[in-house]
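Printed here is data33.cif (mmCIF, C-alpha atoms (C1' of nucleotides)):
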data_target
#
loop_
_atom_site.label_atom_id
_atom_site.label_comp_id
_atom_site.auth_asym_id
_atom_site.auth_seq_id
_atom_site.Cartn_x
_atom_site.Cartn_y
_atom_site.Cartn_z
CA MET A 1 4.87 0.89 7.20
CA PRO A 2 1.30 0.85 8.51
CA ARG A 3 1.07 0.22 12.23
CA GLY A 4 0.49 -3.42 13.09
CA SER A 5 1.76 -4.57 9.73
CA LEU A 6 4.48 -7.16 9.43
CA ASN A 7 7.82 -6.15 8.05
CA PHE A 8 10.89 -8.01 6.93
CA ARG A 9 12.44 -7.95 10.41
CA HIS A 10 9.41 -9.76 11.81
CA LEU A 11 9.62 -12.34 9.06
CA ILE A 12 13.28 -13.15 9.74
CA LEU A 13 12.74 -13.16 13.49
CA GLY A 14 9.71 -15.41 13.15
CA MET A 15 11.55 -17.85 10.93
CA LEU A 16 14.44 -18.02 13.38
CA ALA A 17 11.94 -18.70 16.17
CA GLN A 18 10.74 -21.75 14.24
CA GLN A 19 14.28 -22.91 13.67
CA SER A 20 17.78 -21.48 14.09
CA MET A 21 19.30 -20.85 10.69
CA SER A 22 21.98 -19.07 8.70
CA GLY A 23 21.26 -16.28 6.25
CA TYR A 24 21.85 -18.71 3.44
CA ASP A 25 19.31 -21.15 4.90
CA ILE A 26 16.75 -18.37 5.24
CA ARG A 27 17.14 -17.50 1.61
CA GLY A 28 16.65 -21.14 0.64
CA ALA A 29 13.51 -21.45 2.75
CA LEU A 30 12.05 -18.25 1.35
CA GLU A 31 12.75 -19.27 -2.20
CA GLY A 32 10.33 -22.13 -1.68
CA LEU A 33 7.68 -20.27 0.28
CA SER A 34 7.57 -16.59 -0.54
CA TRP A 35 6.99 -17.01 -4.23
CA PRO A 36 3.86 -14.85 -4.64
CA SER A 37 5.55 -11.81 -3.13
CA GLY A 38 9.00 -12.40 -4.58
CA THR A 39 12.11 -13.93 -3.07
CA PRO A 40 14.17 -11.36 -1.14
CA SER A 41 17.82 -10.78 -1.95
CA PHE A 42 20.84 -11.78 0.13
CA GLY A 43 21.63 -8.11 0.61
CA ASN A 44 18.36 -7.63 2.39
CA ILE A 45 18.60 -10.82 4.44
CA TYR A 46 22.14 -10.28 5.69
CA SER A 47 21.66 -6.64 6.65
CA THR A 48 18.41 -7.43 8.44
CA LEU A 49 20.22 -10.17 10.34
CA HIS A 50 22.94 -7.69 11.37
CA ALA A 51 20.33 -5.21 12.51
CA LEU A 52 18.54 -7.83 14.61
CA LEU A 53 21.88 -8.81 16.13
CA ASN A 54 22.65 -5.20 16.90
CA ASP A 55 19.31 -4.83 18.66
CA GLY A 56 19.95 -7.94 20.75
CA LEU A 57 16.99 -9.83 19.31
CA VAL A 58 19.16 -12.66 17.97
CA THR A 59 22.55 -14.24 18.69
CA VAL A 60 25.08 -15.81 16.34
CA GLU A 61 26.97 -19.02 16.58
CA VAL A 62 29.86 -19.50 14.20
CA VAL A 63 29.78 -23.07 12.90
CA PRO A 64 32.88 -24.19 10.99
CA GLN A 65 32.18 -26.98 8.54
CA GLN A 66 34.53 -29.42 6.89
CA ASP A 67 34.48 -29.21 3.10
CA LYS A 68 32.29 -26.11 3.20
CA PRO A 69 32.60 -22.44 4.19
CA THR A 70 31.89 -21.48 7.78
CA ARG A 71 28.27 -20.79 8.56
CA LYS A 72 26.76 -18.30 10.99
CA VAL A 73 23.72 -19.72 12.66
CA TYR A 74 21.33 -17.20 14.21
CA SER A 75 19.01 -17.91 17.14
CA VAL A 76 16.32 -15.79 18.78
CA THR A 77 17.10 -14.35 22.23
CA LYS A 78 14.63 -13.84 25.06
CA ALA A 79 14.25 -10.23 23.98
CA GLY A 80 13.43 -11.48 20.49
CA GLU A 81 10.87 -13.93 21.81
CA GLN A 82 9.25 -11.16 23.79
CA MET A 83 9.00 -9.02 20.70
CA LEU A 84 7.28 -11.86 18.86
CA GLN A 85 4.96 -12.41 21.79
CA GLU A 86 3.83 -8.80 21.60
CA LEU A 87 3.31 -9.18 17.88
CA SER A 88 1.32 -12.34 18.44
CA THR A 89 -1.41 -10.79 20.53
CA GLN A 90 -1.37 -7.39 18.88
CA SER A 91 -4.50 -6.29 17.10
CA VAL A 92 -4.23 -6.37 13.33
CA THR A 93 -4.47 -3.00 11.66
CA SER A 94 -2.39 -3.87 8.63
CA GLY A 95 -3.03 -2.57 5.16
CA ALA A 96 -2.31 -6.18 4.22
CA SER A 97 -0.59 -6.30 0.88
CA LEU A 98 0.10 -9.68 -0.69
CA LYS A 99 3.65 -9.39 0.60
CA SER A 100 2.62 -8.77 4.16
CA PHE A 101 0.04 -11.57 4.01
CA THR A 102 2.55 -14.07 2.65
CA MET A 103 4.93 -13.16 5.47
CA CYS A 104 2.13 -13.69 7.95
CA LEU A 105 1.57 -17.21 6.62
CA ILE A 106 5.26 -18.09 6.71
CA VAL A 107 5.52 -17.22 10.38
CA ALA A 108 2.00 -18.42 11.24
CA ASP A 109 3.50 -20.49 14.05
CA VAL A 110 4.28 -17.43 16.15
CA PHE A 111 0.69 -16.17 16.21
CA SER A 112 -2.01 -17.10 18.64
CA ARG A 113 -4.95 -18.88 17.02
CA ASP A 114 -7.14 -15.80 17.40
CA THR A 115 -4.59 -13.51 15.80
CA LEU A 116 -4.14 -15.89 12.88
CA ILE A 117 -7.89 -16.12 12.37
CA ALA A 118 -8.12 -12.33 12.49
CA TYR A 119 -5.44 -12.07 9.79
CA LEU A 120 -7.16 -14.59 7.54
CA GLN A 121 -10.56 -12.98 7.95
CA GLN A 122 -9.16 -9.55 7.31
CA ARG A 123 -7.51 -10.78 4.15
CA ARG A 124 -10.78 -12.42 3.14
CA ASP A 125 -12.66 -9.14 3.49
CA GLN A 126 -10.07 -7.32 1.42
CA VAL A 127 -10.03 -9.90 -1.35
CA ILE A 128 -13.82 -9.83 -1.53
CA ALA A 129 -13.74 -6.05 -1.83
CA HIS A 130 -11.18 -6.26 -4.60
CA ARG A 131 -13.16 -8.91 -6.42
CA THR A 132 -16.20 -6.64 -6.38
CA THR A 133 -14.13 -3.85 -7.89
CA LEU A 134 -12.75 -6.19 -10.54
CA GLU A 135 -16.22 -7.45 -11.44
CA GLU A 136 -17.36 -3.88 -12.00
CA THR A 137 -14.31 -3.21 -14.12
CA THR A 138 -14.92 -6.25 -16.32
CA ARG A 139 -18.55 -5.26 -16.75
CA THR A 140 -17.43 -1.87 -18.05
CA LEU A 141 -14.81 -3.41 -20.34
CA ASP A 142 -17.25 -5.98 -21.74
CA GLN A 143 -19.06 -3.15 -23.46
CA GLU A 144 -15.97 -2.39 -25.53
CA LYS A 145 -14.74 -4.90 -28.04
CA ALA A 146 -11.05 -4.74 -27.04
CA PRO A 147 -10.30 -8.21 -25.62
CA ARG A 148 -6.74 -7.34 -24.58
CA ARG A 149 -7.98 -4.72 -22.15
CA ARG A 150 -9.78 -7.35 -20.15
CA LEU A 151 -6.72 -9.53 -19.53
CA ALA A 152 -5.54 -7.83 -16.35
CA ALA A 153 -9.01 -7.81 -14.83
CA GLU A 154 -9.62 -11.48 -15.69
CA TYR A 155 -6.24 -12.39 -14.27
CA GLY A 156 -7.04 -10.57 -11.05
CA LEU A 157 -10.44 -12.23 -10.82
CA THR A 158 -8.95 -15.69 -11.26
CA LEU A 159 -6.42 -15.12 -8.52
CA ALA A 160 -8.99 -13.53 -6.23
CA ASN A 161 -11.40 -16.45 -6.57
CA ALA A 162 -8.67 -19.01 -6.00
CA GLU A 163 -7.48 -17.15 -2.95
CA LEU A 164 -11.00 -16.91 -1.52
CA THR A 165 -11.54 -20.64 -1.93
CA TRP A 166 -8.31 -21.29 -0.09
CA LEU A 167 -9.08 -18.78 2.65
CA ASP A 168 -12.53 -20.27 3.28
CA SER A 169 -11.30 -23.84 3.47
CA THR A 170 -8.35 -22.84 5.64
CA LEU A 171 -10.57 -20.89 8.03
CA ASP A 172 -12.88 -23.92 8.22
CA ARG A 173 -9.97 -26.18 9.05
CA ILE A 174 -8.75 -23.89 11.81
CA TYR A 175 -12.23 -23.54 13.29
CA GLN A 176 -12.62 -27.32 13.38
CA GLN A 177 -9.30 -27.63 15.15
CA SER A 178 -10.43 -25.23 17.86
CA ARG A 179 -13.69 -27.13 18.21
CA ARG A 180 -11.82 -30.41 18.58
CA SER A 181 -9.49 -29.04 21.23
CA ILE A 182 -12.50 -27.69 23.13
CA GLU A 183 -14.45 -30.93 22.84
CA LEU A 184 -11.64 -33.19 23.93
CA PRO A 185 -11.24 -31.84 27.48
CA ALA A 186 -15.03 -31.79 27.94
CA MET B 187 15.82 -3.60 -12.96
CA PRO B 188 16.63 -6.54 -15.22
CA ARG B 189 17.02 -5.65 -18.89
CA GLY B 190 13.86 -6.10 -20.91
CA SER B 191 11.70 -5.88 -17.83
CA LEU B 192 8.82 -3.49 -17.59
CA ASN B 193 9.01 -0.66 -15.11
CA PHE B 194 6.56 1.85 -13.79
CA ARG B 195 7.36 4.38 -16.51
CA HIS B 196 6.35 1.85 -19.15
CA LEU B 197 3.14 1.14 -17.34
CA ILE B 198 2.10 4.78 -17.18
CA LEU B 199 3.16 5.41 -20.77
CA GLY B 200 1.28 2.33 -21.95
CA MET B 201 -1.86 3.33 -20.11
CA LEU B 202 -1.73 6.81 -21.60
CA ALA B 203 -1.34 5.26 -25.04
CA GLN B 204 -4.62 3.41 -24.50
CA GLN B 205 -6.30 6.59 -23.32
CA SER B 206 -5.25 10.11 -22.31
CA MET B 207 -5.72 10.55 -18.59
CA SER B 208 -4.88 12.56 -15.51
CA GLY B 209 -2.79 11.24 -12.65
CA TYR B 210 -5.91 10.86 -10.61
CA ASP B 211 -7.55 8.81 -13.36
CA ILE B 212 -4.51 6.56 -13.59
CA ARG B 213 -4.71 5.87 -9.92
CA GLY B 214 -8.37 4.98 -10.22
CA ALA B 215 -7.75 2.62 -13.14
CA LEU B 216 -4.88 0.92 -11.34
CA GLU B 217 -6.91 0.47 -8.20
CA GLY B 218 -9.20 -1.76 -10.18
CA LEU B 219 -6.57 -3.63 -12.18
CA SER B 220 -3.28 -3.88 -10.39
CA TRP B 221 -4.60 -5.55 -7.31
CA PRO B 222 -2.28 -8.57 -7.11
CA SER B 223 0.83 -6.40 -7.14
CA GLY B 224 -0.54 -3.56 -5.04
CA THR B 225 -1.97 -0.19 -6.03
CA PRO B 226 0.78 2.41 -6.47
CA SER B 227 0.72 5.67 -4.54
CA PHE B 228 -0.01 9.13 -5.88
CA GLY B 229 3.52 10.16 -5.04
CA ASN B 230 4.84 7.60 -7.47
CA ILE B 231 2.30 8.35 -10.18
CA TYR B 232 2.73 12.12 -10.17
CA SER B 233 6.53 12.06 -10.13
CA THR B 234 6.63 9.49 -12.92
CA LEU B 235 4.29 11.70 -14.93
CA HIS B 236 6.60 14.68 -14.39
CA ALA B 237 9.61 12.62 -15.45
CA LEU B 238 7.86 11.46 -18.63
CA LEU B 239 6.92 15.07 -19.39
CA ASN B 240 10.49 16.16 -18.82
CA ASP B 241 11.72 13.53 -21.27
CA GLY B 242 9.22 14.64 -23.89
CA LEU B 243 7.37 11.32 -23.96
CA VAL B 244 4.06 12.88 -22.93
CA THR B 245 2.32 16.28 -23.10
CA VAL B 246 -0.09 17.92 -20.70
CA GLU B 247 -3.34 19.67 -21.30
CA VAL B 248 -4.78 21.71 -18.47
CA VAL B 249 -8.51 21.11 -18.33
CA PRO B 250 -10.47 23.45 -16.05
CA GLN B 251 -13.70 21.94 -14.76
CA GLN B 252 -16.73 23.59 -13.30
CA ASP B 253 -17.50 22.50 -9.75
CA LYS B 254 -14.23 20.54 -9.57
CA PRO B 255 -10.51 21.27 -9.38
CA THR B 256 -8.57 21.67 -12.60
CA ARG B 257 -7.28 18.45 -14.14
CA LYS B 258 -4.09 17.83 -16.05
CA VAL B 259 -4.65 15.38 -18.84
CA TYR B 260 -1.54 13.67 -20.21
CA SER B 261 -1.17 12.31 -23.74
CA VAL B 262 1.62 10.31 -25.37
CA THR B 263 3.82 12.15 -27.90
CA LYS B 264 5.36 10.65 -31.03
CA ALA B 265 8.57 10.09 -29.10
CA GLY B 266 6.55 8.24 -26.49
CA GLU B 267 4.88 6.08 -29.11
CA GLN B 268 8.24 5.23 -30.57
CA MET B 269 9.51 4.17 -27.17
CA LEU B 270 6.50 1.86 -26.80
CA GLN B 271 7.04 0.51 -30.29
CA GLU B 272 10.58 -0.49 -29.36
CA LEU B 273 9.30 -2.12 -26.20
CA SER B 274 6.68 -3.97 -28.19
CA THR B 275 9.08 -5.89 -30.41
CA GLN B 276 11.86 -6.19 -27.86
CA SER B 277 12.84 -9.68 -26.77
CA VAL B 278 11.71 -10.58 -23.29
CA THR B 279 14.48 -11.22 -20.80
CA SER B 280 12.58 -10.16 -17.72
CA GLY B 281 12.95 -11.73 -14.31
CA ALA B 282 9.17 -11.46 -14.34
CA SER B 283 7.95 -10.82 -10.86
CA LEU B 284 4.22 -10.75 -10.22
CA LYS B 285 4.41 -6.98 -10.35
CA SER B 286 6.10 -6.87 -13.71
CA PHE B 287 3.71 -9.48 -15.11
CA THR B 288 0.65 -7.60 -13.91
CA MET B 289 1.98 -4.45 -15.57
CA CYS B 290 2.49 -6.39 -18.75
CA LEU B 291 -1.16 -7.46 -18.74
CA ILE B 292 -2.44 -3.96 -18.07
CA VAL B 293 -0.64 -2.57 -21.10
CA ALA B 294 -1.11 -5.72 -23.21
CA ASP B 295 -2.51 -3.53 -25.98
CA VAL B 296 0.86 -2.04 -26.77
CA PHE B 297 2.54 -5.39 -27.44
CA SER B 298 2.66 -7.29 -30.69
CA ARG B 299 0.89 -10.64 -30.54
CA ASP B 300 4.21 -12.51 -30.55
CA THR B 301 5.64 -10.46 -27.71
CA LEU B 302 2.51 -10.99 -25.63
CA ILE B 303 2.63 -14.75 -26.26
CA ALA B 304 6.30 -14.77 -25.29
CA TYR B 305 5.48 -13.01 -22.02
CA LEU B 306 2.67 -15.40 -21.18
CA GLN B 307 4.74 -18.48 -22.00
CA GLN B 308 7.67 -17.18 -20.02
CA ARG B 309 5.43 -16.60 -17.04
CA ARG B 310 4.00 -20.09 -17.49
CA ASP B 311 7.46 -21.66 -17.35
CA GLN B 312 8.30 -19.72 -14.21
CA VAL B 313 5.09 -20.60 -12.43
CA ILE B 314 5.56 -24.27 -13.28
CA ALA B 315 9.08 -24.13 -11.86
CA HIS B 316 7.80 -22.51 -8.68
CA ARG B 317 5.04 -25.05 -8.36
CA THR B 318 7.58 -27.85 -8.54
CA THR B 319 9.59 -26.22 -5.77
CA LEU B 320 6.46 -25.78 -3.66
CA GLU B 321 5.45 -29.41 -4.15
CA GLU B 322 8.84 -30.52 -2.91
CA THR B 323 8.52 -28.22 0.07
CA THR B 324 5.09 -29.57 1.02
CA ARG B 325 6.37 -33.13 0.69
CA THR B 326 9.11 -32.31 3.21
CA LEU B 327 6.68 -30.56 5.57
CA ASP B 328 4.15 -33.41 5.41
CA GLN B 329 6.61 -35.54 7.35
CA GLU B 330 6.35 -33.17 10.31
CA LYS B 331 3.12 -32.84 12.18
CA ALA B 332 3.10 -29.02 12.31
CA PRO B 333 0.09 -28.01 10.20
CA ARG B 334 0.77 -24.27 10.49
CA ARG B 335 4.08 -24.62 8.71
CA ARG B 336 2.35 -25.85 5.59
CA LEU B 337 0.07 -22.82 5.21
CA ALA B 338 2.43 -20.69 3.13
CA ALA B 339 3.29 -23.56 0.80
CA GLU B 340 -0.37 -24.52 0.33
CA TYR B 341 -1.29 -20.92 -0.32
CA GLY B 342 1.44 -20.66 -2.95
CA LEU B 343 0.34 -23.90 -4.57
CA THR B 344 -3.27 -22.75 -4.78
CA LEU B 345 -2.29 -19.49 -6.44
CA ALA B 346 0.18 -21.21 -8.76
CA ASN B 347 -2.41 -23.73 -9.98
CA ALA B 348 -5.04 -21.05 -10.51
CA GLU B 349 -2.59 -18.94 -12.44
CA LEU B 350 -1.53 -21.85 -14.62
CA THR B 351 -5.13 -22.64 -15.50
CA TRP B 352 -5.65 -19.04 -16.49
CA LEU B 353 -2.40 -18.87 -18.48
CA ASP B 354 -3.24 -22.02 -20.43
CA SER B 355 -6.74 -20.93 -21.34
CA THR B 356 -5.56 -17.44 -22.23
CA LEU B 357 -2.78 -18.76 -24.44
CA ASP B 358 -5.32 -21.03 -26.15
CA ARG B 359 -7.61 -18.10 -26.79
CA ILE B 360 -4.83 -16.02 -28.29
CA TYR B 361 -3.66 -18.88 -30.49
CA GLN B 362 -7.18 -19.36 -31.81
CA GLN B 363 -7.39 -15.68 -32.60
CA SER B 364 -4.21 -15.87 -34.68
CA ARG B 365 -5.53 -18.96 -36.48
CA ARG B 366 -8.76 -17.19 -37.32
CA SER B 367 -6.98 -14.11 -38.66
CA ILE B 368 -4.75 -16.35 -40.79
CA GLU B 369 -7.64 -18.43 -42.08
CA LEU B 370 -9.83 -15.51 -43.04
CA PRO B 371 -7.55 -13.99 -45.70
CA ALA B 372 -6.83 -17.47 -47.14
"C1'" DA C 373 -18.39 23.88 10.44
"C1'" DA C 374 -16.83 19.44 9.72
"C1'" DG C 375 -15.86 16.05 6.65
"C1'" DC C 376 -15.55 13.97 2.23
"C1'" DG C 377 -14.37 13.53 -2.78
"C1'" DC C 378 -11.78 15.69 -6.15
"C1'" DA C 379 -7.11 17.03 -7.69
"C1'" DT C 380 -2.23 18.15 -7.55
"C1'" DG C 381 2.28 18.33 -5.76
"C1'" DT C 382 7.00 17.75 -2.90
"C1'" DA C 383 10.61 16.08 0.21
"C1'" DA C 384 12.21 12.88 3.38
"C1'" DA C 385 12.47 8.32 4.67
"C1'" DA C 386 12.01 3.60 4.11
"C1'" DG C 387 12.50 -0.41 1.62
"C1'" DG C 388 14.90 -3.32 -1.42
"C1'" DT C 389 18.00 -4.78 -5.33
"C1'" DT C 390 22.14 -4.86 -7.86
"C1'" DA C 391 26.77 -5.26 -8.19
"C1'" DC C 392 30.72 -6.07 -6.29
"C1'" DA C 393 34.33 -8.56 -3.31
"C1'" DT C 394 35.97 -12.84 -1.10
"C1'" DG C 395 37.02 -17.76 -0.96
"C1'" DA C 396 36.65 -22.81 -0.46
"C1'" DT C 397 35.11 -27.32 -2.56
"C1'" DT C 398 32.99 -30.42 -5.83
"C1'" DA C 399 31.77 -32.09 -10.36
"C1'" DC C 400 32.28 -32.17 -15.41
"C1'" DG D 401 39.99 -25.17 -16.40
"C1'" DT D 402 35.56 -23.77 -15.52
"C1'" DA D 403 31.22 -23.83 -13.81
"C1'" DA D 404 28.27 -24.64 -9.76
"C1'" DT D 405 27.08 -24.78 -4.91
"C1'" DC D 406 28.09 -23.11 -0.55
"C1'" DA D 407 28.64 -18.92 2.28
"C1'" DT D 408 29.16 -14.10 3.85
"C1'" DG D 409 29.35 -9.27 3.46
"C1'" DT D 410 29.12 -3.97 1.89
"C1'" DA D 411 27.86 0.16 -0.55
"C1'" DA D 412 25.74 2.47 -4.05
"C1'" DC D 413 21.68 2.91 -6.21
"C1'" DC D 414 16.89 2.67 -7.43
"C1'" DT D 415 12.14 2.53 -6.31
"C1'" DT D 416 8.27 3.47 -3.64
"C1'" DT D 417 5.78 4.96 0.27
"C1'" DT D 418 4.65 8.21 3.80
"C1'" DA D 419 3.58 12.43 5.35
"C1'" DC D 420 2.88 16.70 4.52
"C1'" DA D 421 0.81 20.99 2.00
"C1'" DT D 422 -2.79 23.22 -0.83
"C1'" DG D 423 -7.50 24.30 -2.17
"C1'" DC D 424 -12.36 23.99 -4.16
"C1'" DG D 425 -17.21 22.51 -3.67
"C1'" DC D 426 -20.74 19.58 -1.98
"C1'" DT D 427 -23.33 17.43 1.72
"C1'" DT D 428 -24.91 16.73 6.56
#
Written as structure tokens, how would this file's structure read?
Amino acid sequence: MPRGSLNFRHLILGMLAQQSMSGYDIRGALEGLSWPSGTPSFGNIYSTLHALLNDGLVTVEVVPQQDKPTRKVYSVTKAGEQMLQELSTQSVTSGASLKSFTMCLIVADVFSRDTLIAYLQQRRDQVIAHRTTLEETTRTLDQEKAPRRRLAAEYGLTLANAELTWLDSTLDRIYQQSRRSIELPA
Amino acid sequence: MPRGSLNFRHLILGMLAQQSMSGYDIRGALEGLSWPSGTPSFGNIYSTLHALLNDGLVTVEVVPQQDKPTRKVYSVTKAGEQMLQELSTQSVTSGASLKSFTMCLIVADVFSRDTLIAYLQQRRDQVIAHRTTLEETTRTLDQEKAPRRRLAAEYGLTLANAELTWLDSTLDRIYQQSRRSIELPA
DNA sequence: AAGCGCATGTAAAAGGTTACATGATTAC
DNA sequence: GTAATCATGTAACCTTTTACATGCGCTT
């Protein structure tokens, strides 16, 4: 776990900060959002929740339901909020894998604008670097006549280009929002 | 590890089948190709190599170099080729994560055309399903005014659409290749 | 002489999934 | 009756990374 990088605990805590939920709810939300990095298992979610509870970062409320099993709704405590606050302003030194970046986007609400921008720009730099590597690889493979060998590189290039387009337009959008909120008070 | 799914052993074995390499070489090749799923560590590569050697699926050749440390070049044995052969014709029941799919592409050479097509189509079905889920999620989030909450879903949608475009064009290409090789002998 | 690229290796720790157990209600 | 959704939980297991150790030769 590289220093400054998001882990699963942060993800759960960040999601609970957006909205109090049960483990089952969290799983449902992640199924829709965390697709690129894979949906985590219940085993992981529940034990993370217990660990957070044990560390006093969240509290539980047992909610009996009619016609359905009892739910356990978790909410972030003040200690938990403080932990997120620290994360929010912390400098980004992550080795940003796709997983870690996806988590960052899911809990984007907990970051300050500057931290979010830093994350996006860092990801942008990394994707550009990878694209360069992939372009070199395809150039080498073009010499050979084996078309199958190029599949992985082409796949990577397609994803990299799509991601870069998204990152650029998203960064633009965020910059315009800052400009607007600066212009309005003026 | 779902049955029928590719694991790291298969990846290494498949890469060695394409070309005999050292652990260091494998790492270099994967750095260029396996970007979306993350480049594996040396620790993983070397221990997998030792395990394959122990199971008689590969052999080593110690290659001393002048001016550089000695390399250990691994090659696939007949037993290893047989294992790949079985994998090649095996029906695909994988829970195809991005990781497993990327591995499949890297060793695409070892698959029969039908198996490769099955993998690509299976992935296509899964991505379409995920896209549907993501579209529903964005529809729900559009109601709210929180723009940050939509980031993860939009990101996923962008990647899903790019991947689908690639999958469709790649499947087309492969189909045309089969047609050509059927037409020629006729 | 310090640092980097090459090259291999191991053990401990972290991370995560699978498989199981439980149990109620609804829909076919 | 049997499958599906809802809902939680534990332990064993697998996978993978991290952090270390080693050592040569080239460059600054």
For this session: Convert the output of the PyMOL selection byres ((chain D) within 8 of (chain A)) on the shown file into explicit residues, formatted as a PyMOL selection string.
Result: chain D and resi 406-407+409
Enumerate, in order of chain and increasing residue number, the residues of chain C with an atom no farther than 12 Å from chain B, each with its shortest atom pair and distance in Å to one decimal, counting all atoms listed in the file, as CSV.
residue,atom,partner,partner_atom,distance
C:DG377,C1',B:Lys254,CA,9.8
C:DC378,C1',B:Lys254,CA,6.4
C:DA379,C1',B:Pro255,CA,5.7
C:DT380,C1',B:Tyr232,CA,8.2
C:DG381,C1',B:Tyr232,CA,7.6
C:DT382,C1',B:Gly229,CA,8.6
C:DA383,C1',B:Gly229,CA,10.6
C:DG388,C1',B:Met187,CA,11.6
C:DT389,C1',B:Met187,CA,8.0
C:DT390,C1',B:Met187,CA,8.2
Exercise. Can you list, as a ChimeraX atom specification, every protein, DNA or RNA residue that comes within 10 Å of Arg335 in chain B when you count all atoms listed in the file, leaving out same-chain residues fewer than 4 positions away?
Worked result: /A:18,105-109 /B:324,327-328,330-331,339-340
Exercise. Written as number ranges by chain, which residues does the PyMOL selection byres ((chain B and resi 345-356) around 7) give for the file shown?
Worked result: A: 158-159, 162-163; B: 306, 310, 313, 317, 341-344, 357-360
For this session: For the point (3.7, -18.2, 16.1) in the file's frame, write as an NGL selection string all residues with an atom no more than 9 Å away, counting all atoms listed in the file.
Result: (:A and (14 or 17-18 or 84-85 or 88 or 107-113 or 116)) or (:B and (334))
Exercise. So how far away is C1' of DA403 in chain D from C1' of DT397 in chain C, in Å?
Worked result: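 Spanning C1' of DT397 in chain C to C1' of DA403 in chain D is a straight-line distance of 12.4 Å.
Using all atoms listed in the file, the shortest contact distance between chain A and any of B:Val262, B:Ile212, B:Leu219, B:Leu202 is found at B:Leu219.
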The PyMOL selection byres ((chain C and resi 393) around 10) applied to the shown file, residues as an mmCIF file with C-alpha atoms (C1' of nucleotides), in the coordinates of the input:
data_model
loop_
_atom_site.group_PDB
_atom_site.id
_atom_site.type_symbol
_atom_site.label_atom_id
_atom_site.label_comp_id
_atom_site.auth_asym_id
_atom_site.auth_seq_id
_atom_site.Cartn_x
_atom_site.Cartn_y
_atom_site.Cartn_z
ATOM 1 C "C1'" DA C 391 26.770 -5.260 -8.190
ATOM 2 C "C1'" DC C 392 30.720 -6.070 -6.290
ATOM 3 C "C1'" DT C 394 35.970 -12.840 -1.100
ATOM 4 C "C1'" DG C 395 37.020 -17.760 -0.960
ATOM 5 C "C1'" DG D 409 29.350 -9.270 3.460
ATOM 6 C "C1'" DT D 410 29.120 -3.970 1.890
#
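The space between CA of Thr102 in chain A and CA of Gln307 in chain B spans 25.1 Å.
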For this session: May I ask for the distance between CA of Gln251 in chain B and CA of Leu239 in chain B, given in Å to one decimal place?
Result: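 Between these atoms lies a distance of 22.2 Å.
Shortest separation to chain A among B:Ser206, B:Gln268, B:Ser223, B:Thr245 occurs at residue B:Ser223, atoms counted being only C-alpha atoms.
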For this session: Compare A:Gly32, A:Pro147, A:Pro40, A:Gly56 by their minimum atom-to-atom distance to chain B, counting all atoms listed in the file, and give me the closest one.
Result: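 Among the listed residues, A:Gly32 lies closest to chain B.
Using all atoms listed in the file for every distance, the candidate list A:Arg139, A:His10, A:Arg150, A:Arg27 yields A:Arg150 as the residue closest to chain B.
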Exercise. Restricting the calculation to all atoms listed in the file, which member of B:Met201, B:Leu243, B:Ala265, B:Val259 is positioned closest to chain A?
Worked result: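 Going through B:Met201, B:Leu243, B:Ala265, B:Val259 one by one, the smallest distance to chain A is for B:Met201.
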